[in-house]
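Structure file start.txt; described as compact mmCIF, C-alpha atoms.
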# COMPACT_ATOMS: atom_id res chain seq x y z
CA MET K 5 141.85 116.83 85.30
CA SER K 6 143.93 119.94 84.66
CA SER K 7 145.87 121.50 87.51
CA ALA K 8 144.70 124.65 89.16
CA VAL K 9 147.68 126.64 88.01
CA ASP K 10 148.33 126.90 84.29
CA LEU K 11 151.84 125.42 84.29
CA ASP K 12 152.53 125.91 80.61
CA ASN K 13 151.88 129.64 80.74
CA ARG K 14 155.20 130.91 79.42
CA PRO K 15 155.82 134.62 78.96
CA GLY K 16 154.39 135.75 75.71
CA ASP K 17 151.98 132.82 75.55
CA THR K 18 148.35 133.43 74.77
CA GLY K 19 147.04 131.80 77.96
CA ALA K 20 143.47 132.33 79.08
CA GLY K 21 144.56 134.39 82.10
CA THR K 22 146.72 136.93 80.28
CA GLY K 23 143.92 139.07 78.94
CA ARG K 24 145.01 138.71 75.33
CA ALA K 25 142.67 137.08 72.82
CA PRO K 26 142.94 133.28 73.24
CA GLY K 27 144.09 131.36 70.22
CA ARG K 28 142.14 128.58 68.58
CA GLY K 29 144.25 125.92 70.24
CA ASP K 30 143.42 127.30 73.68
CA ARG K 31 139.75 127.43 72.90
CA ILE K 32 139.66 123.85 71.71
CA ARG K 33 141.61 122.76 74.78
CA THR K 34 139.15 124.51 77.06
CA VAL K 35 136.18 122.94 75.32
CA VAL K 36 137.67 119.47 75.51
CA ARG K 37 138.54 120.00 79.15
CA GLY K 38 135.00 121.22 79.80
CA VAL K 39 133.44 118.22 78.08
CA GLY K 40 135.68 115.85 80.01
CA GLN K 41 134.83 117.46 83.32
CA THR K 42 131.12 117.42 82.49
CA LEU K 43 131.17 113.74 81.62
CA ILE K 44 133.04 112.87 84.78
CA THR K 45 130.55 114.95 86.75
CA PHE K 46 127.62 113.05 85.21
CA GLY K 47 129.34 109.78 86.07
CA LEU K 48 129.79 110.84 89.67
CA VAL K 49 126.16 111.97 89.91
CA ALA K 50 125.02 108.61 88.56
CA LEU K 51 127.19 106.83 91.13
CA LEU K 52 125.75 109.06 93.82
CA PHE K 53 122.28 108.04 92.68
CA VAL K 54 123.14 104.40 93.19
CA VAL K 55 124.34 105.25 96.69
CA TYR K 56 121.03 107.03 97.20
CA GLU K 57 118.94 104.07 96.05
CA LEU K 58 120.85 101.59 98.16
CA TYR K 59 121.48 103.51 101.37
CA VAL K 60 119.71 106.83 101.68
CA THR K 61 116.27 105.46 100.87
CA ASP K 62 116.78 102.82 103.55
CA LEU K 63 117.52 105.58 106.06
CA LEU K 64 114.47 107.61 105.03
CA ALA K 65 112.20 104.55 105.03
CA ALA K 66 113.42 103.43 108.46
CA ARG K 67 112.46 106.84 109.82
CA GLU K 68 109.05 106.60 108.14
CA GLN K 69 108.45 103.14 109.59
CA ASP K 70 109.33 104.37 113.08
CA GLN K 71 106.86 107.21 112.72
CA LEU K 72 104.17 104.92 111.35
CA SER K 73 104.77 102.46 114.15
CA GLN K 74 104.29 105.16 116.75
CA GLU K 75 101.24 106.46 114.91
CA ILE K 76 99.54 103.10 114.73
CA GLN K 77 100.27 102.15 118.34
CA GLN K 78 98.84 105.52 119.36
CA GLN K 79 95.81 104.96 117.16
CA TRP K 80 95.20 101.53 118.65
CA ALA K 81 95.67 102.73 122.19
CA ASP K 82 93.28 105.62 121.74
CA SER K 83 90.36 103.69 120.29
CA PRO K 84 88.83 101.00 122.45
CA THR K 85 89.80 97.53 121.27
CA VAL K 86 87.14 95.12 120.13
CA THR K 87 85.92 93.43 123.29
CA PRO K 88 83.84 90.28 123.33
CA PRO K 89 80.21 90.95 124.34
CA THR K 90 80.35 89.19 127.73
CA PRO K 91 78.33 90.43 130.72
CA ALA K 92 80.18 91.98 133.68
CA PRO K 93 82.09 89.20 135.47
CA SER K 94 80.73 88.08 138.84
CA ALA K 95 82.69 89.07 141.93
CA GLY K 96 84.03 85.61 142.57
CA ALA K 97 85.32 84.88 139.10
CA ASP K 98 89.10 84.93 138.83
CA GLN K 99 89.27 84.11 135.14
CA PRO K 100 87.19 85.68 132.42
CA ALA K 101 84.88 83.40 130.48
CA PRO K 102 86.49 82.29 127.21
CA ALA K 103 85.70 84.87 124.57
CA PRO K 104 83.56 83.73 121.65
CA ALA K 105 85.50 83.63 118.36
CA PRO K 106 85.51 87.31 117.34
CA ALA K 107 84.58 88.28 113.83
CA PRO K 108 87.34 90.30 112.13
CA GLU K 109 86.67 93.95 112.79
CA SER K 110 85.70 95.79 109.65
CA ILE K 111 88.61 98.03 108.75
CA ASP K 112 87.90 101.23 106.92
CA VAL K 113 91.04 103.24 106.40
CA ALA K 114 91.91 106.28 104.31
CA LEU K 115 94.57 106.26 101.61
CA GLY K 116 98.04 106.53 103.05
CA GLN K 117 96.98 105.63 106.58
CA PRO K 118 98.57 102.73 108.46
CA PHE K 119 96.21 100.00 109.61
CA ALA K 120 98.11 96.77 110.18
CA VAL K 121 101.51 95.36 111.01
CA VAL K 122 103.03 92.37 109.21
CA HIS K 123 105.34 89.99 111.06
CA ILE K 124 107.30 87.33 109.20
CA PRO K 125 109.18 85.03 111.62
CA ARG K 126 111.17 83.42 108.79
CA LEU K 127 112.79 86.78 108.07
CA GLY K 128 113.77 87.36 111.69
CA GLY K 129 112.18 87.19 115.10
CA ASP K 130 111.81 90.94 115.23
CA TYR K 131 110.80 91.46 111.58
CA SER K 132 107.79 93.71 111.43
CA ARG K 133 106.58 96.42 109.08
CA VAL K 134 103.61 98.76 109.28
CA ILE K 135 101.31 98.42 106.27
CA VAL K 136 99.70 101.53 104.80
CA GLU K 137 96.66 101.71 102.55
CA GLY K 138 97.50 102.17 98.89
CA THR K 139 100.30 101.14 96.55
CA ALA K 140 101.36 104.40 94.92
CA GLN K 141 105.06 105.33 95.03
CA VAL K 142 104.52 107.72 97.90
CA GLN K 143 102.91 104.99 100.02
CA LEU K 144 105.41 102.29 99.10
CA ALA K 145 108.25 104.64 99.99
CA GLN K 146 107.13 104.33 103.61
CA GLY K 147 106.75 100.57 103.68
CA PRO K 148 104.52 97.78 102.39
CA GLY K 149 101.26 99.03 100.88
CA HIS K 150 97.87 97.37 100.62
CA TYR K 151 96.35 97.11 97.16
CA LEU K 152 93.13 99.13 97.08
CA ASP K 153 89.91 97.17 96.56
CA THR K 154 91.40 93.93 97.81
CA ALA K 155 90.29 92.18 100.97
CA MET K 156 91.27 93.25 104.46
CA PRO K 157 93.08 90.91 106.87
CA GLY K 158 90.96 87.92 107.81
CA GLU K 159 88.30 88.61 105.23
CA GLU K 160 87.27 86.22 102.48
CA GLY K 161 89.16 87.15 99.36
CA ASN K 162 92.74 88.19 98.77
CA PHE K 163 94.54 90.53 101.18
CA ALA K 164 97.19 91.78 98.74
CA VAL K 165 100.25 93.77 99.77
CA ALA K 166 103.12 95.18 97.68
CA GLY K 167 106.56 96.05 99.02
CA HIS K 168 109.97 97.12 97.78
CA ARG K 169 112.64 94.49 97.21
CA VAL K 170 115.73 96.70 97.30
CA GLY K 171 115.82 100.15 98.79
CA ARG K 172 113.27 102.10 100.83
CA GLY K 173 113.86 99.81 103.74
CA SER K 174 113.86 96.69 101.55
CA PRO K 175 110.86 95.17 103.35
CA PHE K 176 110.50 92.28 100.92
CA LEU K 177 114.17 91.75 100.12
CA ASP K 178 114.27 88.15 101.32
CA LEU K 179 110.79 87.07 100.29
CA ASP K 180 112.40 84.35 98.22
CA GLN K 181 113.45 82.65 101.46
CA LEU K 182 109.86 81.89 102.46
CA ARG K 183 109.06 78.19 102.41
CA PRO K 184 105.70 76.37 102.29
CA GLY K 185 104.03 76.44 105.68
CA ASP K 186 105.89 79.53 106.87
CA ALA K 187 103.74 81.85 108.93
CA ILE K 188 102.95 85.41 107.96
CA VAL K 189 101.23 87.07 110.92
CA ILE K 190 99.11 90.17 110.39
CA GLU K 191 98.37 92.29 113.42
CA THR K 192 95.41 94.64 113.35
CA GLN K 193 93.83 96.73 116.05
CA GLY K 194 91.85 93.90 117.57
CA ASN K 195 93.23 90.66 116.20
CA TRP K 196 96.11 88.51 115.06
CA PHE K 197 95.72 86.64 111.77
CA THR K 198 98.10 83.81 110.90
CA TYR K 199 98.51 83.04 107.21
CA ARG K 200 100.62 80.14 105.97
CA VAL K 201 102.46 80.00 102.66
CA LEU K 202 100.79 77.50 100.34
CA GLY K 203 102.54 74.27 99.46
CA ASP K 204 103.89 71.16 101.13
CA GLN K 205 105.90 71.98 104.24
CA ALA K 206 107.67 68.63 104.29
CA THR K 207 108.98 68.65 100.74
CA GLY K 208 109.23 72.38 100.13
CA ASP K 209 107.10 72.06 97.01
CA PHE K 210 105.05 75.22 96.42
CA SER K 211 102.61 73.76 93.96
CA THR K 212 100.88 71.04 95.95
CA ASP K 213 97.94 73.00 97.29
CA PRO K 214 94.60 71.47 96.19
CA SER K 215 93.39 74.85 95.03
CA GLY K 216 96.15 74.90 92.44
CA ILE K 217 97.48 78.19 93.73
CA PRO K 218 101.28 78.10 94.10
CA GLY K 219 102.91 79.37 97.28
CA GLN K 220 105.51 81.24 95.26
CA GLU K 221 105.55 82.29 91.63
CA ILE K 222 107.36 84.61 89.25
CA VAL K 223 105.03 86.54 86.99
CA ARG K 224 105.05 89.43 84.58
CA PRO K 225 104.23 92.92 85.90
CA VAL K 226 100.91 92.88 84.04
CA ASP K 227 99.62 89.65 85.61
CA VAL K 228 97.04 91.31 87.85
CA ASP K 229 95.15 88.06 88.43
CA VAL K 230 97.56 87.26 91.27
CA ILE K 231 95.67 89.81 93.36
CA SER K 232 92.20 88.65 92.32
CA PRO K 233 89.82 87.56 95.11
CA THR K 234 90.87 84.03 94.26
CA PRO K 235 94.53 84.26 93.23
CA GLY K 236 94.85 83.33 89.59
CA GLY K 237 91.13 83.76 89.00
CA PRO K 238 89.25 86.57 87.30
CA ALA K 239 89.64 90.06 88.71
CA GLY K 240 86.05 90.48 89.80
CA GLY K 241 85.54 86.84 90.60
CA ALA K 242 84.29 85.11 93.69
CA ALA K 243 86.45 84.51 96.73
CA SER K 244 87.10 80.88 97.60
CA GLY K 245 88.90 81.42 100.87
CA ALA K 246 90.86 83.96 102.87
CA TYR K 247 94.16 84.49 101.10
CA LEU K 248 97.16 86.75 101.49
CA THR K 249 99.34 87.75 98.55
CA LEU K 250 102.66 89.58 98.68
CA THR K 251 104.18 91.15 95.56
CA THR K 252 107.63 92.55 94.97
CA CYS K 253 110.01 92.90 92.06
CA HIS K 254 112.24 90.19 90.68
CA PRO K 255 115.20 89.66 90.12
CA LYS K 256 116.48 91.65 93.06
CA TYR K 257 117.77 94.76 91.31
CA SER K 258 115.37 94.69 88.40
CA ALA K 259 111.69 95.41 87.89
CA ALA K 260 111.41 93.06 84.93
CA GLN K 261 109.23 90.53 86.76
CA ARG K 262 107.32 90.15 90.00
CA LEU K 263 107.91 87.70 92.82
CA ILE K 264 104.56 86.62 94.30
CA ILE K 265 103.88 84.80 97.56
CA HIS K 266 100.45 83.26 98.21
CA ALA K 267 99.30 82.25 101.67
CA ARG K 268 96.02 81.13 103.22
CA LEU K 269 94.51 82.03 106.56
CA ASP K 270 95.34 79.33 109.08
CA GLY K 271 92.78 79.00 111.84
CA ALA K 272 90.50 81.56 113.37
CA PRO K 273 91.59 85.11 114.17
CA LEU K 274 93.14 85.42 117.61
CA SER K 275 91.85 88.40 119.51
CA LYS K 276 94.45 90.67 121.07
CA ALA K 277 92.49 90.75 124.26
CA SER K 278 93.16 87.05 124.80
CA ALA K 279 96.69 86.96 123.36
CA PRO K 280 98.48 90.29 123.63
CA ASP K 281 101.81 88.85 122.56
CA GLY K 282 100.57 87.21 119.44
CA PRO K 283 99.95 83.68 118.27
CA PRO K 284 102.43 80.84 118.91
CA ALA K 285 103.54 81.09 115.29
CA LEU K 286 105.15 84.44 116.09
CA ALA K 287 107.46 82.94 118.67
CA GLY K 288 108.53 79.95 116.57
CA MET Z 5 134.47 124.44 85.07
CA TYR Z 6 136.33 123.13 88.11
CA THR Z 7 139.44 125.23 87.47
CA TRP Z 8 137.20 128.29 87.25
CA ILE Z 9 135.64 127.46 90.61
CA TRP Z 10 139.03 126.80 92.16
CA ARG Z 11 140.45 130.08 90.91
CA HIS Z 12 137.53 132.00 92.39
CA LEU Z 13 137.66 130.46 95.85
CA PRO Z 14 139.05 132.89 98.40
CA GLY Z 15 142.12 132.32 100.54
CA PRO Z 16 145.33 130.31 100.38
CA THR Z 17 145.40 126.76 99.04
CA PRO Z 18 144.51 124.91 102.27
CA ALA Z 19 141.49 127.16 102.78
CA LYS Z 20 140.54 126.63 99.17
CA ALA Z 21 140.78 122.86 99.61
CA LEU Z 22 138.52 123.01 102.64
CA ALA Z 23 136.03 125.27 100.89
CA ALA Z 24 136.06 122.94 97.88
CA LEU Z 25 135.34 119.97 100.14
CA VAL Z 26 132.45 121.80 101.81
CA LEU Z 27 131.06 122.69 98.39
CA VAL Z 28 131.24 119.08 97.24
CA LEU Z 29 129.48 117.86 100.38
CA ALA Z 30 126.82 120.54 100.06
CA VAL Z 31 126.11 119.60 96.45
CA ALA Z 32 126.05 115.90 97.35
CA ALA Z 33 123.61 116.56 100.18
CA LEU Z 34 121.43 118.64 97.89
CA LEU Z 35 121.35 115.85 95.35
CA LEU Z 36 120.79 113.04 97.83
CA PHE Z 37 118.06 114.62 99.89
CA VAL Z 38 116.31 117.03 97.53
CA VAL Z 39 116.87 116.25 93.86
CA PHE Z 40 116.86 112.46 93.89
CA PRO Z 41 113.67 112.03 95.93
CA GLN Z 42 111.95 114.31 93.42
CA ILE Z 43 113.03 112.47 90.28
CA GLU Z 44 112.82 108.96 91.70
CA PRO Z 45 109.11 108.35 90.99
CA LEU Z 46 109.77 109.14 87.36
CA LEU Z 47 112.14 106.23 86.94
CA PRO Z 48 110.76 102.84 85.88
CA PHE Z 49 112.92 100.46 87.86
CA THR Z 50 111.25 100.97 91.20
CA ASN Z 51 107.92 99.29 90.44
CA VAL Z 52 106.88 96.41 92.65
CA THR Z 53 103.16 96.22 91.94
CA VAL Z 54 101.22 94.21 89.40
CA THR Z 55 99.20 96.52 87.25
CA GLN Z 56 97.68 96.52 83.79

Could you rewrite the structure in this file as structure tokens?
Amino acid sequence: MSSAVDLDNRPGDTGAGTGRAPGRGDRIRTVVRGVGQTLITFGLVALLFVVYELYVTDLLAAREQDQLSQEIQQQWADSPTVTPPTPAPSAGADQPAPAPAPAPESIDVALGQPFAVVHIPRLGGDYSRVIVEGTAQVQLAQGPGHYLDTAMPGEEGNFAVAGHRVGRGSPFLDLDQLRPGDAIVIETQGNWFTYRVLGDQATGDFSTDPSGIPGQEIVRPVDVDVISPTPGGPAGGAASGAYLTLTTCHPKYSAAQRLIIHARLDGAPLSKASAPDGPPALAG
Amino acid sequence: MYTWIWRHLPGPTPAKALAALVLVLAVAALLLFVVFPQIEPLLPFTNVTVTQ
């Protein structure tokens, strides 16, 4: 870049600061200098954008997740939790009667509102993200988003969630580390649901599930049948079980493909009233 | 462009350097927290959903 002081401004020269009409050489020099500076500026802005995508969005998303976490805990504390319909305990009882298996509460949530928390022990003992309803950019910027018109946690069908791979908190950055049998625990207001990644836990083979649904697959962005009620089946088709599907982009810094994880509900929902700290899968 | 800005900053050189630094940081902050969040949804490489 040129120096601040015009060093070659000799007396009698037609420099830009002398007030005399600049010659053609000066004009060309100024234009070239201007073009050079503009190009370098564009380059720096592009670099700054990369910094933004990798670091600033993580900061912003972390703040959003904290807010959502507070919001959802508040929401759950304010509304009464689903309690089993047992009669008032007798005076002498020191342990409540075992609660009947609760049906999953029906969740009706507005677009953009948080309604569940996802815990993935494989990605860290304290890994948890608040899930919001909807998968538009503005929802996904806050954290994982639930595909509209797909099942809710614990319901028959496919509970499908999308999340960013890199940036905006990178919730699904390490999804490729999930192995068959790994637990994905969904926490809602009243219950814990444990889903397990499909496949053979012993061999690590994703494709051994009798339903034919793989635990992990790479698909094209247009392959919407991964979020069908039965993954891989027709979009409006029947549900053949309670599934969970996670989608994110693949390879890590590209949106050329999608990385998909399929999991199935393992066991009955565990009510929060009987297990406030979560299922055993969360600790392991 | 930059020489023009430098010439028009007030004060001696150290003050100018400081003012230039503040300007750079202000522009960077403007870009990072205002401009980029606005244009980000328009870019195609942030899609993570499956959609027709």

Which residue of Z:Ile43, Z:Ala21, Z:Met5, Z:Ala33 approaches chain K most closely, using only C-alpha atoms: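 For chain K, the nearest of the candidates is Z:Met5.
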
Which residues come within 10 Å of Tyr59 in chain K, counting all atoms listed in the file, excluding same-chain residues fewer than 4 positions away, as a count of residues only? 9

Counting only C-alpha atoms, what are the residues of chain K within 6 Å of chain Z, and for each of them which pair of atoms is the nearest and at what distance in Å, to one decimal? Sort the table by chain and rising number, as a tab-separated table.
residue	atom	partner	partner_atom	distance
K:Ala8	CA	Z:Thr7	CA	5.6
K:Ala166	CA	Z:Thr53	CA	5.8
K:Pro225	CA	Z:Val54	CA	4.8
K:Val226	CA	Z:Gln56	CA	4.9
K:Val228	CA	Z:Val54	CA	5.3
K:Thr252	CA	Z:Val52	CA	4.6
K:Cys253	CA	Z:Val52	CA	4.7
K:Ala259	CA	Z:Phe49	CA	5.2

Residues at most 10 Å from Ala23 in chain Z, counting only C-alpha atoms, excluding those fewer than 5 positions away in the same chain, as number ranges by chain? Z: 10, 13-15, 17-18, 28-29

Kindly give the distance, in Å, that separates CA of Asn162 in chain K and CA of His266 in chain K, rounded to a single decimal. 9.2 Å

Within 12 Å of Gly128 in chain K, counting all atoms listed in the file, which residues qualify if same-chain residues fewer than 3 places away don't, as a count of residues only? 16

CA of Pro238 in chain K to CA of Val223 in chain K, distance in Å rounded to a single decimal: 15.8 Å

Nearest-residue call for Leu34 in chain Z, choices K:Ile190, K:Ala66, K:Leu52, K:Ala267, using all atoms listed in the file: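 Smallest separation from Leu34 in chain Z among the options: K:Leu52.
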